[in-house]
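Participant: My structure is in upload17.txt, and what it holds is compact mmCIF, C-alpha atoms:
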# COMPACT_ATOMS: atom_id res chain seq x y z
CA MET A 1 0.00 0.00 0.00
CA SER A 2 1.25 3.46 -0.86
CA LYS A 3 1.65 6.06 1.85
CA PRO A 4 -1.55 8.12 2.22
CA SER A 5 -1.36 11.71 0.97
CA PRO A 6 -1.75 14.61 3.44
CA ARG A 7 -5.23 15.09 2.00
CA ASP A 8 -6.19 11.50 2.81
CA ARG A 9 -4.54 11.59 6.23
CA LEU A 10 -6.62 14.62 7.16
CA ALA A 11 -9.80 12.92 5.93
CA GLN A 12 -9.00 9.74 7.89
CA ALA A 13 -8.29 11.73 11.06
CA ALA A 14 -11.52 13.67 10.60
CA PHE A 15 -13.63 10.53 10.18
CA ASP A 16 -12.00 8.95 13.24
CA LEU A 17 -12.79 12.02 15.34
CA PHE A 18 -16.34 12.33 14.01
CA ASP A 19 -16.92 8.69 14.95
CA GLU A 20 -15.48 9.15 18.42
CA ARG A 21 -16.97 12.54 19.37
CA GLY A 22 -19.67 13.27 16.86
CA TYR A 23 -19.36 15.65 13.92
CA ASP A 24 -20.24 18.81 15.85
CA ARG A 25 -17.68 18.29 18.60
CA ALA A 26 -14.55 17.93 16.50
CA THR A 27 -12.76 21.08 15.31
CA VAL A 28 -10.27 21.70 12.53
CA ASP A 29 -7.55 21.96 15.19
CA ASP A 30 -8.52 18.54 16.56
CA ILE A 31 -8.29 17.11 13.06
CA THR A 32 -4.88 18.56 12.25
CA GLU A 33 -3.53 17.48 15.64
CA ARG A 34 -4.76 13.92 15.09
CA ALA A 35 -3.30 13.85 11.58
CA GLY A 36 0.01 15.30 12.77
CA LEU A 37 -0.25 18.13 10.26
CA GLY A 38 -0.64 21.90 10.54
CA ARG A 39 -3.61 24.19 9.94
CA THR A 40 -1.92 25.64 6.89
CA THR A 41 -1.79 22.18 5.35
CA PHE A 42 -5.45 21.62 6.20
CA PHE A 43 -6.54 24.80 4.47
CA ARG A 44 -4.42 24.00 1.45
CA TYR A 45 -6.76 21.06 0.78
CA TYR A 46 -10.05 22.05 2.38
CA ARG A 47 -11.95 25.27 2.83
CA SER A 48 -13.77 24.14 5.99
CA LYS A 49 -14.39 21.25 8.34
CA GLU A 50 -17.42 20.36 6.24
CA ASP A 51 -15.24 20.03 3.15
CA VAL A 52 -13.02 17.37 4.65
CA ILE A 53 -15.49 14.52 4.31
CA PHE A 54 -16.44 15.11 0.67
CA PRO A 55 -14.74 13.94 -2.50
CA ASP A 56 -12.85 16.59 -4.42
CA HIS A 57 -15.82 17.34 -6.68
CA ASP A 58 -14.00 20.14 -8.55
CA ARG A 59 -11.33 17.68 -9.63
CA LEU A 60 -13.81 14.91 -10.36
CA LEU A 61 -16.05 17.21 -12.39
CA ALA A 62 -13.03 18.30 -14.41
CA LEU A 63 -12.19 14.65 -15.08
CA VAL A 64 -15.75 13.94 -16.16
CA ARG A 65 -15.84 16.97 -18.43
CA ASP A 66 -12.56 15.89 -19.99
CA ARG A 67 -13.83 12.36 -20.51
CA LEU A 68 -16.99 13.62 -22.19
CA LEU A 69 -15.14 15.97 -24.52
CA THR A 70 -12.54 13.40 -25.59
CA SER A 71 -15.03 10.54 -25.83
CA GLY A 72 -14.92 8.60 -29.07
CA HIS A 73 -18.33 7.05 -28.43
CA ALA A 74 -20.85 6.87 -31.23
CA THR A 75 -23.81 8.30 -29.33
CA THR A 76 -24.28 10.98 -26.70
CA LEU A 77 -25.62 8.53 -24.15
CA ALA A 78 -22.72 6.13 -24.76
CA ALA A 79 -20.32 8.97 -24.00
CA VAL A 80 -22.30 9.88 -20.88
CA SER A 81 -22.37 6.23 -19.80
CA GLY A 82 -18.57 6.14 -19.95
CA ALA A 83 -18.36 9.27 -17.83
CA VAL A 84 -20.86 7.89 -15.29
CA ARG A 85 -18.78 4.76 -14.98
CA LEU A 86 -15.76 6.96 -14.25
CA VAL A 87 -17.59 8.68 -11.39
CA LEU A 88 -18.69 5.37 -9.89
CA LEU A 89 -15.15 3.99 -10.10
CA GLN A 90 -13.88 6.97 -8.11
CA TYR A 91 -16.27 6.13 -5.27
CA LEU A 92 -15.40 2.44 -5.40
CA ASP A 93 -11.73 3.39 -5.32
CA GLU A 94 -12.30 5.33 -2.09
CA GLY A 95 -13.51 2.11 -0.49
CA ASP A 96 -13.88 2.48 3.27
CA LEU A 97 -13.81 6.27 3.07
CA ALA A 98 -16.94 6.28 0.90
CA LEU A 99 -18.72 3.97 3.35
CA ARG A 100 -17.80 6.15 6.33
CA ARG A 101 -19.01 9.25 4.50
CA TYR A 102 -22.31 7.54 3.77
CA ALA A 103 -22.75 6.66 7.45
CA LEU A 104 -21.97 10.24 8.46
CA THR A 105 -24.16 12.03 5.90
CA SER A 106 -27.03 9.75 6.91
CA LYS A 107 -26.75 11.17 10.44
CA VAL A 108 -25.97 14.88 9.87
CA PRO A 109 -28.67 16.68 7.84
CA ALA A 110 -26.44 19.63 6.84
CA LEU A 111 -23.90 17.23 5.33
CA ARG A 112 -26.64 15.25 3.63
CA ASP A 113 -28.01 18.46 2.06
CA ARG A 114 -24.61 19.42 0.83
CA GLU A 115 -24.02 16.01 -0.71
CA ILE A 116 -27.35 16.15 -2.53
CA ALA A 117 -26.48 19.63 -3.80
CA SER A 118 -23.17 18.38 -5.18
CA VAL A 119 -25.06 15.84 -7.29
CA ALA A 120 -26.78 18.73 -9.04
CA ARG A 121 -23.40 19.85 -10.42
CA TYR A 122 -22.95 16.54 -12.24
CA GLN A 123 -26.49 16.64 -13.53
CA ARG A 124 -25.90 20.11 -14.89
CA LEU A 125 -22.65 19.06 -16.59
CA PHE A 126 -24.38 16.11 -18.26
CA ARG A 127 -27.31 18.28 -19.29
CA GLU A 128 -25.01 20.84 -20.89
CA PHE A 129 -23.07 18.15 -22.74
CA ILE A 130 -26.25 16.48 -23.99
CA THR A 131 -27.67 19.83 -25.09
CA GLU A 132 -24.48 20.62 -27.04
CA GLN A 133 -24.66 17.26 -28.79
CA MET A 134 -28.29 17.63 -29.75
CA SER A 135 -29.37 19.02 -33.07
CA ASP A 136 -32.75 19.99 -31.63
CA SER A 137 -32.32 23.32 -29.88
CA HIS A 138 -36.04 23.85 -29.36
CA GLU A 139 -37.86 23.86 -26.06
CA SER A 140 -38.80 20.15 -26.33
CA GLY A 141 -35.12 19.31 -26.94
CA SER A 142 -34.13 21.27 -23.88
CA LEU A 143 -36.58 19.30 -21.75
CA ARG A 144 -35.34 16.07 -23.29
CA ALA A 145 -31.74 16.92 -22.34
CA GLU A 146 -32.93 17.70 -18.83
CA LEU A 147 -34.77 14.38 -18.54
CA MET A 148 -31.77 12.46 -19.88
CA ALA A 149 -29.38 14.09 -17.42
CA ALA A 150 -31.76 13.44 -14.53
CA ALA A 151 -32.13 9.78 -15.52
CA VAL A 152 -28.37 9.34 -15.87
CA VAL A 153 -27.70 10.74 -12.42
CA ALA A 154 -30.56 8.75 -10.89
CA ALA A 155 -29.18 5.55 -12.40
CA HIS A 156 -25.70 6.25 -11.03
CA ASN A 157 -26.99 7.10 -7.57
CA HIS A 158 -29.22 4.07 -7.50
CA VAL A 159 -26.26 1.77 -8.04
CA LEU A 160 -23.93 3.75 -5.77
CA ARG A 161 -26.47 3.66 -2.96
CA ARG A 162 -26.89 -0.11 -3.36
CA TRP A 163 -23.14 -0.55 -3.13
CA LEU A 164 -22.88 1.74 -0.08
CA ARG A 165 -25.58 -0.34 1.62
CA GLY A 166 -23.73 -3.54 0.85
CA GLU A 167 -26.49 -4.66 -1.55
CA SER A 168 -24.38 -4.83 -4.70
CA ALA A 169 -21.50 -7.21 -5.29
CA ASN A 170 -20.95 -5.98 -8.85
CA PRO A 171 -21.59 -2.23 -8.98
CA VAL A 172 -19.70 -1.71 -12.25
CA GLY A 173 -21.80 -4.34 -14.00
CA GLU A 174 -24.91 -2.84 -12.44
CA VAL A 175 -24.14 0.69 -13.55
CA ASP A 176 -23.55 -0.50 -17.10
CA ALA A 177 -26.90 -2.32 -17.02
CA ALA A 178 -28.61 0.71 -15.49
CA MET A 179 -27.21 2.94 -18.22
CA ARG A 180 -28.50 0.52 -20.84
CA GLN A 181 -31.93 0.86 -19.26
CA VAL A 182 -31.61 4.67 -19.43
CA THR A 183 -30.46 4.50 -23.04
CA GLY A 184 -33.43 2.27 -23.82
CA LEU A 185 -35.84 4.92 -22.53
CA PHE A 186 -34.49 7.53 -24.90
CA THR A 187 -33.90 5.38 -27.95
CA ALA A 188 -36.59 5.49 -30.61
CA PRO A 189 -37.60 1.91 -31.48
CA VAL A 190 -37.32 2.41 -35.26
CA PRO A 191 -33.89 3.32 -36.70
CA ALA A 192 -33.29 5.58 -39.71
CA ASP A 193 -33.87 5.02 -43.42
CA GLY A 194 -33.80 1.90 -45.54
CA GLY A 195 -35.63 -1.45 -45.82
CA THR A 196 -39.04 -2.37 -44.51
CA ALA A 197 -40.46 -0.76 -41.42
CA VAL A 198 -42.49 -2.91 -39.06
CA VAL A 199 -44.21 -0.97 -36.33
CA ALA A 200 -44.67 -2.56 -32.91
CA PHE A 201 -48.23 -3.26 -31.86
CA ARG A 202 -50.35 -6.00 -30.37
CA VAL A 203 -53.85 -6.67 -31.45
CA GLY A 204 -56.55 -9.24 -30.93
CA GLN A 205 -55.96 -10.82 -34.33
CA ASP A 206 -53.51 -13.42 -35.54
CA LEU A 207 -50.86 -12.66 -38.12
CA ALA A 208 -52.88 -14.07 -41.06
CA THR A 209 -55.77 -11.70 -40.46
CA LEU A 210 -53.37 -8.87 -39.97
CA LEU A 211 -51.30 -9.30 -43.11
CA PRO A 212 -53.40 -7.53 -45.75
CA GLU A 213 -53.52 -4.42 -43.61
CA LEU A 214 -49.79 -4.65 -42.93
CA GLN A 215 -49.13 -4.88 -46.67
CA ARG A 216 -51.39 -1.96 -47.40
CA LEU A 217 -49.67 0.17 -44.77
CA ILE A 218 -46.17 -0.67 -45.91
CA GLY A 219 -47.10 -0.54 -49.57
CA SER A 220 -44.98 -3.55 -50.56
CA GLY A 221 -47.55 -6.15 -51.61
CA ASP A 222 -45.39 -7.79 -54.30
CA GLY A 223 -44.94 -11.53 -53.97
CA LEU A 224 -47.43 -11.83 -51.15
CA PRO A 225 -50.80 -13.58 -51.34
CA MET B 1 -56.60 41.55 -1.19
CA SER B 2 -56.73 39.64 2.06
CA LYS B 3 -54.50 40.69 4.94
CA PRO B 4 -51.18 38.83 4.85
CA SER B 5 -50.67 36.20 7.55
CA PRO B 6 -47.93 36.67 10.18
CA ARG B 7 -45.98 33.99 8.29
CA ASP B 8 -46.15 35.98 5.06
CA ARG B 9 -45.43 39.29 6.79
CA LEU B 10 -42.23 37.82 8.23
CA ALA B 11 -41.21 36.47 4.84
CA GLN B 12 -41.87 39.81 3.13
CA ALA B 13 -39.89 41.69 5.80
CA ALA B 14 -37.02 39.20 5.44
CA PHE B 15 -36.87 39.55 1.66
CA ASP B 16 -36.95 43.35 1.95
CA LEU B 17 -34.05 43.31 4.40
CA PHE B 18 -32.05 40.78 2.39
CA ASP B 19 -32.44 43.01 -0.66
CA GLU B 20 -31.39 46.11 1.25
CA ARG B 21 -28.51 44.74 3.35
CA GLY B 22 -27.62 41.38 1.89
CA TYR B 23 -28.63 38.04 3.36
CA ASP B 24 -25.73 37.76 5.81
CA ARG B 25 -26.26 41.16 7.40
CA ALA B 26 -29.90 40.80 8.42
CA THR B 27 -30.73 39.04 11.68
CA VAL B 28 -33.91 37.44 13.00
CA ASP B 29 -34.33 40.47 15.28
CA ASP B 30 -34.10 42.80 12.30
CA ILE B 31 -36.76 40.77 10.54
CA THR B 32 -39.22 40.71 13.44
CA GLU B 33 -38.71 44.44 14.02
CA ARG B 34 -39.42 45.22 10.38
CA ALA B 35 -42.49 42.97 10.40
CA GLY B 36 -43.73 44.48 13.68
CA LEU B 37 -43.91 41.03 15.28
CA GLY B 38 -42.09 39.33 18.15
CA ARG B 39 -39.36 36.67 18.17
CA THR B 40 -41.80 34.18 19.64
CA THR B 41 -44.04 34.62 16.61
CA PHE B 42 -41.06 34.22 14.31
CA PHE B 43 -40.04 30.93 15.86
CA ARG B 44 -43.61 29.67 15.77
CA TYR B 45 -43.33 29.65 11.98
CA TYR B 46 -39.63 29.26 11.28
CA ARG B 47 -36.77 27.40 12.88
CA SER B 48 -34.09 29.79 11.63
CA LYS B 49 -33.36 32.80 9.45
CA GLU B 50 -32.65 30.40 6.61
CA ASP B 51 -36.11 28.87 6.89
CA VAL B 52 -37.90 32.14 6.33
CA ILE B 53 -37.32 32.30 2.59
CA PHE B 54 -38.42 28.75 1.76
CA PRO B 55 -41.89 27.39 1.13
CA ASP B 56 -43.38 25.30 3.90
CA HIS B 57 -42.16 22.03 2.39
CA ASP B 58 -43.53 19.92 5.26
CA ARG B 59 -47.02 21.18 4.53
CA LEU B 60 -46.61 20.96 0.77
CA LEU B 61 -45.24 17.42 0.95
CA ALA B 62 -48.21 16.41 3.10
CA LEU B 63 -50.55 17.90 0.48
CA VAL B 64 -48.76 16.04 -2.30
CA ARG B 65 -48.86 12.75 -0.37
CA ASP B 66 -52.55 13.23 0.26
CA ARG B 67 -53.20 13.99 -3.41
CA LEU B 68 -51.33 10.86 -4.49
CA LEU B 69 -53.13 8.60 -2.07
CA THR B 70 -56.60 9.89 -2.90
CA SER B 71 -55.95 10.10 -6.63
CA GLY B 72 -58.56 8.45 -8.80
CA HIS B 73 -56.24 8.40 -11.82
CA ALA B 74 -55.99 5.29 -13.93
CA THR B 75 -52.20 5.06 -14.04
CA THR B 76 -49.39 5.74 -11.60
CA LEU B 77 -47.89 8.45 -13.79
CA ALA B 78 -51.26 10.13 -14.24
CA ALA B 79 -51.57 10.32 -10.45
CA VAL B 80 -48.04 11.67 -10.18
CA SER B 81 -48.74 14.21 -12.93
CA GLY B 82 -51.67 15.54 -10.92
CA ALA B 83 -49.48 15.87 -7.85
CA VAL B 84 -46.72 17.63 -9.81
CA ARG B 85 -49.27 20.13 -11.12
CA LEU B 86 -50.28 20.80 -7.51
CA VAL B 87 -46.68 21.62 -6.55
CA LEU B 88 -46.25 23.96 -9.51
CA LEU B 89 -49.51 25.74 -8.69
CA GLN B 90 -48.23 26.43 -5.17
CA TYR B 91 -45.19 28.21 -6.60
CA LEU B 92 -47.28 30.14 -9.11
CA ASP B 93 -49.61 31.14 -6.29
CA GLU B 94 -46.67 32.62 -4.36
CA GLY B 95 -46.07 34.96 -7.28
CA ASP B 96 -43.56 37.68 -6.43
CA LEU B 97 -42.30 35.77 -3.37
CA ALA B 98 -41.19 32.86 -5.55
CA LEU B 99 -39.36 35.25 -7.90
CA ARG B 100 -37.57 36.97 -5.01
CA ARG B 101 -36.55 33.59 -3.58
CA TYR B 102 -35.14 32.58 -6.95
CA ALA B 103 -33.08 35.78 -7.12
CA LEU B 104 -31.75 35.21 -3.60
CA THR B 105 -30.92 31.51 -3.92
CA SER B 106 -29.06 32.31 -7.15
CA LYS B 107 -26.77 34.59 -5.12
CA VAL B 108 -26.29 32.69 -1.82
CA PRO B 109 -24.76 29.20 -2.29
CA ALA B 110 -25.88 27.87 1.10
CA LEU B 111 -29.49 28.72 0.27
CA ARG B 112 -29.15 27.27 -3.20
CA ASP B 113 -27.83 24.00 -1.70
CA ARG B 114 -30.69 23.83 0.70
CA GLU B 115 -33.24 24.40 -2.03
CA ILE B 116 -31.73 21.62 -4.13
CA ALA B 117 -31.79 19.31 -1.13
CA SER B 118 -35.49 20.02 -0.57
CA VAL B 119 -36.19 18.81 -4.11
CA ALA B 120 -34.83 15.40 -3.10
CA ARG B 121 -37.70 15.03 -0.62
CA TYR B 122 -40.28 15.31 -3.40
CA GLN B 123 -38.32 12.90 -5.56
CA ARG B 124 -38.26 10.39 -2.72
CA LEU B 125 -41.98 10.75 -2.10
CA PHE B 126 -42.73 10.13 -5.79
CA ARG B 127 -40.32 7.18 -5.89
CA GLU B 128 -41.97 5.56 -2.89
CA PHE B 129 -45.43 6.06 -4.35
CA ILE B 130 -44.38 4.64 -7.72
CA THR B 131 -42.72 1.67 -6.04
CA GLU B 132 -45.86 0.92 -4.05
CA GLN B 133 -47.95 1.01 -7.21
CA MET B 134 -45.65 -1.29 -9.13
CA SER B 135 -46.16 -5.00 -9.29
CA ASP B 136 -42.49 -5.56 -10.12
CA SER B 137 -40.59 -5.53 -6.83
CA HIS B 138 -37.35 -6.73 -8.36
CA GLU B 139 -34.16 -4.76 -8.69
CA SER B 140 -34.99 -3.62 -12.25
CA GLY B 141 -38.38 -2.36 -11.00
CA SER B 142 -36.68 -0.44 -8.23
CA LEU B 143 -34.39 1.28 -10.75
CA ARG B 144 -37.39 2.02 -12.96
CA ALA B 145 -39.22 3.71 -10.08
CA GLU B 146 -36.08 5.74 -9.38
CA LEU B 147 -35.80 6.83 -13.02
CA MET B 148 -39.48 7.75 -13.17
CA ALA B 149 -39.28 9.86 -10.02
CA ALA B 150 -36.15 11.62 -11.27
CA ALA B 151 -37.78 12.37 -14.62
CA VAL B 152 -40.93 13.68 -12.96
CA VAL B 153 -38.99 16.07 -10.74
CA ALA B 154 -36.75 17.18 -13.62
CA ALA B 155 -39.81 17.94 -15.75
CA HIS B 156 -41.37 20.02 -12.96
CA ASN B 157 -38.17 21.93 -12.27
CA HIS B 158 -37.59 22.56 -15.94
CA VAL B 159 -40.95 24.31 -16.25
CA LEU B 160 -40.68 26.06 -12.88
CA ARG B 161 -37.25 27.44 -13.80
CA ARG B 162 -38.57 28.70 -17.13
CA TRP B 163 -41.38 30.48 -15.35
CA LEU B 164 -39.03 31.96 -12.73
CA ARG B 165 -36.85 33.30 -15.55
CA GLY B 166 -39.83 34.85 -17.28
CA GLU B 167 -39.55 32.42 -20.19
CA SER B 168 -42.92 30.75 -19.81
CA ALA B 169 -46.26 32.45 -20.25
CA ASN B 170 -48.20 29.23 -19.69
CA PRO B 171 -46.40 27.13 -17.06
CA VAL B 172 -49.44 24.97 -16.27
CA GLY B 173 -49.84 24.00 -19.93
CA GLU B 174 -46.10 23.41 -20.12
CA VAL B 175 -45.99 21.16 -17.08
CA ASP B 176 -48.85 19.08 -18.45
CA ALA B 177 -46.98 18.74 -21.76
CA ALA B 178 -43.74 17.91 -19.96
CA MET B 179 -45.48 15.20 -17.95
CA ARG B 180 -46.89 13.75 -21.16
CA GLN B 181 -43.31 13.58 -22.45
CA VAL B 182 -42.23 11.80 -19.26
CA THR B 183 -45.15 9.40 -19.50
CA GLY B 184 -44.20 8.68 -23.12
CA LEU B 185 -40.71 7.63 -22.05
CA PHE B 186 -42.04 5.03 -19.65
CA THR B 187 -44.93 3.73 -21.68
CA ALA B 188 -44.04 0.48 -23.39
CA PRO B 189 -45.16 0.50 -27.02
CA VAL B 190 -46.57 -3.01 -26.64
CA PRO B 191 -49.47 -3.40 -24.19
CA ALA B 192 -50.13 -6.47 -22.05
CA ASP B 193 -51.45 -9.92 -22.97
CA GLY B 194 -53.57 -11.08 -25.88
CA GLY B 195 -53.37 -11.31 -29.65
CA THR B 196 -50.31 -11.32 -31.89
CA ALA B 197 -47.10 -9.58 -30.93
CA VAL B 198 -45.23 -7.79 -33.71
CA VAL B 199 -41.78 -6.59 -32.74
CA ALA B 200 -40.50 -3.33 -34.20
CA PHE B 201 -37.49 -3.55 -36.45
CA ARG B 202 -36.24 -2.38 -39.80
CA VAL B 203 -34.21 -4.55 -42.11
CA GLY B 204 -32.85 -4.50 -45.62
CA GLN B 205 -35.51 -6.94 -46.85
CA ASP B 206 -39.04 -6.47 -48.05
CA LEU B 207 -42.01 -7.92 -46.20
CA ALA B 208 -42.30 -10.98 -48.48
CA THR B 209 -38.78 -12.15 -47.70
CA LEU B 210 -39.34 -11.46 -44.06
CA LEU B 211 -42.60 -13.34 -43.59
CA PRO B 212 -41.42 -16.93 -43.07
CA GLU B 213 -39.10 -15.79 -40.32
CA LEU B 214 -41.84 -13.68 -38.75
CA GLN B 215 -44.19 -16.69 -38.79
CA ARG B 216 -41.54 -18.93 -37.28
CA LEU B 217 -40.87 -16.42 -34.50
CA ILE B 218 -44.50 -15.88 -33.66
CA GLY B 219 -45.35 -19.55 -34.09
CA SER B 220 -48.69 -18.85 -35.78
CA GLY B 221 -48.19 -20.07 -39.33
CA ASP B 222 -51.78 -21.24 -39.86
CA GLY B 223 -53.56 -19.84 -42.86
CA LEU B 224 -50.40 -18.32 -44.29
CA PRO B 225 -48.70 -19.44 -47.49
Could you write out this structure as structure tokens?
Facilitator:
Amino acid sequence: MSKPSPRDRLAQAAFDLFDERGYDRATVDDITERAGLGRTTFFRYYRSKEDVIFPDHDRLLALVRDRLLTSGHATTLAAVSGAVRLVLLQYLDEGDLALRRYALTSKVPALRDREIASVARYQRLFREFITEQMSDSHESGSLRAELMAAAVVAAHNHVLRRWLRGESANPVGEVDAAMRQVTGLFTAPVPADGGTAVVAFRVGQDLATLLPELQRLIGSGDGLP
Amino acid sequence: MSKPSPRDRLAQAAFDLFDERGYDRATVDDITERAGLGRTTFFRYYRSKEDVIFPDHDRLLALVRDRLLTSGHATTLAAVSGAVRLVLLQYLDEGDLALRRYALTSKVPALRDREIASVARYQRLFREFITEQMSDSHESGSLRAELMAAAVVAAHNHVLRRWLRGESANPVGEVDAAMRQVTGLFTAPVPADGGTAVVAFRVGQDLATLLPELQRLIGSGDGLP
């Protein structure tokens, strides 16, 4: 194992103290003393005591933005899926730290609020990317981008929460499956141009009764009875 | 015009002071003095200075829950659409107060965070309602409920934000249209049981070439050539 960075040492010390004394009773001075580091070091990495328990969202958002912009994926949602996977992997990589944060934010409403608010930054980034990729700049397109971004973030959080609760043994597989479900919602069932179109429906008739109407609709009666 | 309630008088006084002095420089005492009411009255309605600018989410959530549970709508999403409309109407009914809150939360990050966090409560309520209504209690159903709730809230916020920015002359019509778009995402093109299923696809063959395979797949060759 590599030696933990000052940033990680401060976070570990903070979590230890919050466990022992409760979040409200531990100060920045307590944290730096426990970590064996100075206040100056603390404030190089964190703006406040609240900051110390959260991931470095600025850095992570920059990574996600970079991934989106350099993505070679064929579709917008494939690019977004790759970026969502990246975010999940960061949490998995934190391991125990992520679990301790989850336990703490479940207990302290102010921290919980702040965590929820940070999610909105990712949703906004995805929405902006999706909007840029879309040809439809009308109001309905703007809503569609909003719905996509919301679904993407909900899918990620659903899987992350399952993993944090110990309900998911394969979060990466789950997030890929969840993103396929999201993609399915926004994918029109009939692809572009060429060949014969068959529209999905279900009626109270069997195929034989249905055929003449099908033929008439498609306008390709040749060779059929 | 009816006389404003003590709750509204306090909110108006708070917004006036926040405009004049900035949010950080106005205290609860300043607010009560301006409103001509006592501290006791203030704390009957609000827990803190922060509280004073927000809608009474506890009350509104109770209204929404009640609407959902007594809804006579045929489908889950129709019931949710009715509840979403109710939430929007509450904001529209606030009028100027909602606009002033929007201006303030755009400027003060802590207030913005708190507002975002309050949205999560509505999303959770919708998710729980949708889950209860669903027959599918498996993991994929749980994700689906999560995606639905996220889409519903995103649609509402999209319209609300447009109205707050002065971009929407008909927010009620827009929210109904947005909820139809959401419903469309989650409505399977093929309804339940009965008759012949035809799956949507498009291939480089005409219908005549396709038929034998179609028949084989559906297993209803009778009466066909």
Participant: Could you name the residues that touch Ala178 in chain A at 12 Å or less, counting all atoms listed in the file, but leaving out those on the same chain fewer than 3 positions away, as a ChimeraX atom specification?
Facilitator: /A:81,84-85,151-160,171-175,181-185 /B:139-144,146-147
Participant: Chain B vs chain A: Cα RMSD after least-squares superposition over all Cα in order?
Facilitator: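 With chain A fitted onto chain B, the C-alpha RMSD reads 1.5 Å.
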Participant: Report, in Å with one decimal, the straight-line distance from CA of Arg100 in chain A to CA of Ser118 in chain A.
Facilitator: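 Computed distance, CA of Arg100 in chain A to CA of Ser118 in chain A, equals 17.6 Å.
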Participant: Please indicate the distance in Å from CA of Arg121 in chain B to CA of His73 in chain B, rounded to one decimal place.
Facilitator: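 CA of His73 in chain B lies at a distance of 22.7 Å from CA of Arg121 in chain B.
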Participant: With only C-alpha atoms as the atoms that count, which of A:Phe42, A:Tyr102, A:Ala177, A:Thr76 lies nearest to Arg161 in chain A?
Facilitator: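 Residue with the minimum atom-to-atom distance to Arg161 in chain A: A:Tyr102.
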Participant: If I take CA of Ala145 in chain B and CA of Leu68 in chain B, how far is one from the other in Å, to one decimal?
Facilitator: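 The value is 15.1 Å.
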Participant: Pick the closest to chain B from A:Arg112, A:Arg21, A:Arg67, A:Arg59: which is it, counting all atoms listed in the file?
Facilitator: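 Residue with the minimum atom-to-atom distance to chain B: A:Arg112.
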Participant: Excluding Arg101 in chain B and its own-chain neighbours fewer than 6 positions away, which residues fall within 10 Å of it when counting all atoms listed in the file? Please give them as a list in words.
Facilitator: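 So the residues in contact are Phe15, Ile53, Phe54, Pro55, Lys107, Leu111, Arg112, Glu115 and Leu164 of chain B.
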Participant: Neighbouring residues of Leu104 in chain A were defined as those with any atom within 12 Å, considering only C-alpha atoms; residues of the same chain fewer than 5 positions away were excluded. Please report them as number ranges by chain.
Facilitator: A: 14-20, 22-24, 50, 53-54, 97-99, 109-112, 115
Participant: Take the residues just selected and output them with C-alpha atoms as an mmCIF file, in the coordinates of the input.
Facilitator:
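Just written: selection_13.cif:
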data_model
loop_
_atom_site.group_PDB
_atom_site.id
_atom_site.type_symbol
_atom_site.label_atom_id
_atom_site.label_comp_id
_atom_site.auth_asym_id
_atom_site.auth_seq_id
_atom_site.Cartn_x
_atom_site.Cartn_y
_atom_site.Cartn_z
ATOM 1 C CA ALA A 14 -11.520 13.670 10.600
ATOM 2 C CA PHE A 15 -13.630 10.530 10.180
ATOM 3 C CA ASP A 16 -12.000 8.950 13.240
ATOM 4 C CA LEU A 17 -12.790 12.020 15.340
ATOM 5 C CA PHE A 18 -16.340 12.330 14.010
ATOM 6 C CA ASP A 19 -16.920 8.690 14.950
ATOM 7 C CA GLU A 20 -15.480 9.150 18.420
ATOM 8 C CA GLY A 22 -19.670 13.270 16.860
ATOM 9 C CA TYR A 23 -19.360 15.650 13.920
ATOM 10 C CA ASP A 24 -20.240 18.810 15.850
ATOM 11 C CA GLU A 50 -17.420 20.360 6.240
ATOM 12 C CA ILE A 53 -15.490 14.520 4.310
ATOM 13 C CA PHE A 54 -16.440 15.110 0.670
ATOM 14 C CA LEU A 97 -13.810 6.270 3.070
ATOM 15 C CA ALA A 98 -16.940 6.280 0.900
ATOM 16 C CA LEU A 99 -18.720 3.970 3.350
ATOM 17 C CA PRO A 109 -28.670 16.680 7.840
ATOM 18 C CA ALA A 110 -26.440 19.630 6.840
ATOM 19 C CA LEU A 111 -23.900 17.230 5.330
ATOM 20 C CA ARG A 112 -26.640 15.250 3.630
ATOM 21 C CA GLU A 115 -24.020 16.010 -0.710
#
Participant: For Ser106 in chain B, which residue out of B:Leu77, B:Arg165, B:Thr131, B:Leu69 is the nearest one, using only C-alpha atoms?
Facilitator: B:Arg165
Participant: Please return, as a list of chain:residue names, all polymer residues that have at least one atom within 10 Å of the point (-47.2, 34.0, 7.3); use all atoms listed in the file and the file's own coordinate frame.
Facilitator: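 Protein and nucleic acid residues near the point are B:Pro4, B:Ser5, B:Pro6, B:Arg7, B:Asp8, B:Arg9, B:Leu10, B:Ala11, B:Gln12, B:Thr41, B:Phe42, B:Tyr45, B:Tyr46, B:Val52.
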Participant: So which one's closest to chain B, A:Glu132, A:Asn170, A:Ile116, A:Arg127? Using all atoms listed in the file, please.
Facilitator: A:Ile116
Participant: Determine the nearest neighbour of chain A from the options B:Ala150, B:Ala169, B:Leu86, B:Leu61, counting all atoms listed in the file.
Facilitator: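 Among the listed residues, B:Ala150 lies closest to chain A.
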Participant: At a cut-off of 8 Å, using all atoms listed in the file, what residues contact Val87 in chain A? Leave out same-chain residues fewer than 3 positions from it and give the result as a compact mmCIF listing (two decimals) with C-alpha atoms, keeping the file's coordinate frame.
Facilitator:
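Saved as selection-v1.txt:
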# COMPACT_ATOMS: atom_id res chain seq x y z
CA LEU A 60 -13.81 14.91 -10.36
CA VAL A 64 -15.75 13.94 -16.16
CA ALA A 83 -18.36 9.27 -17.83
CA VAL A 84 -20.86 7.89 -15.29
CA GLN A 90 -13.88 6.97 -8.11
CA TYR A 91 -16.27 6.13 -5.27
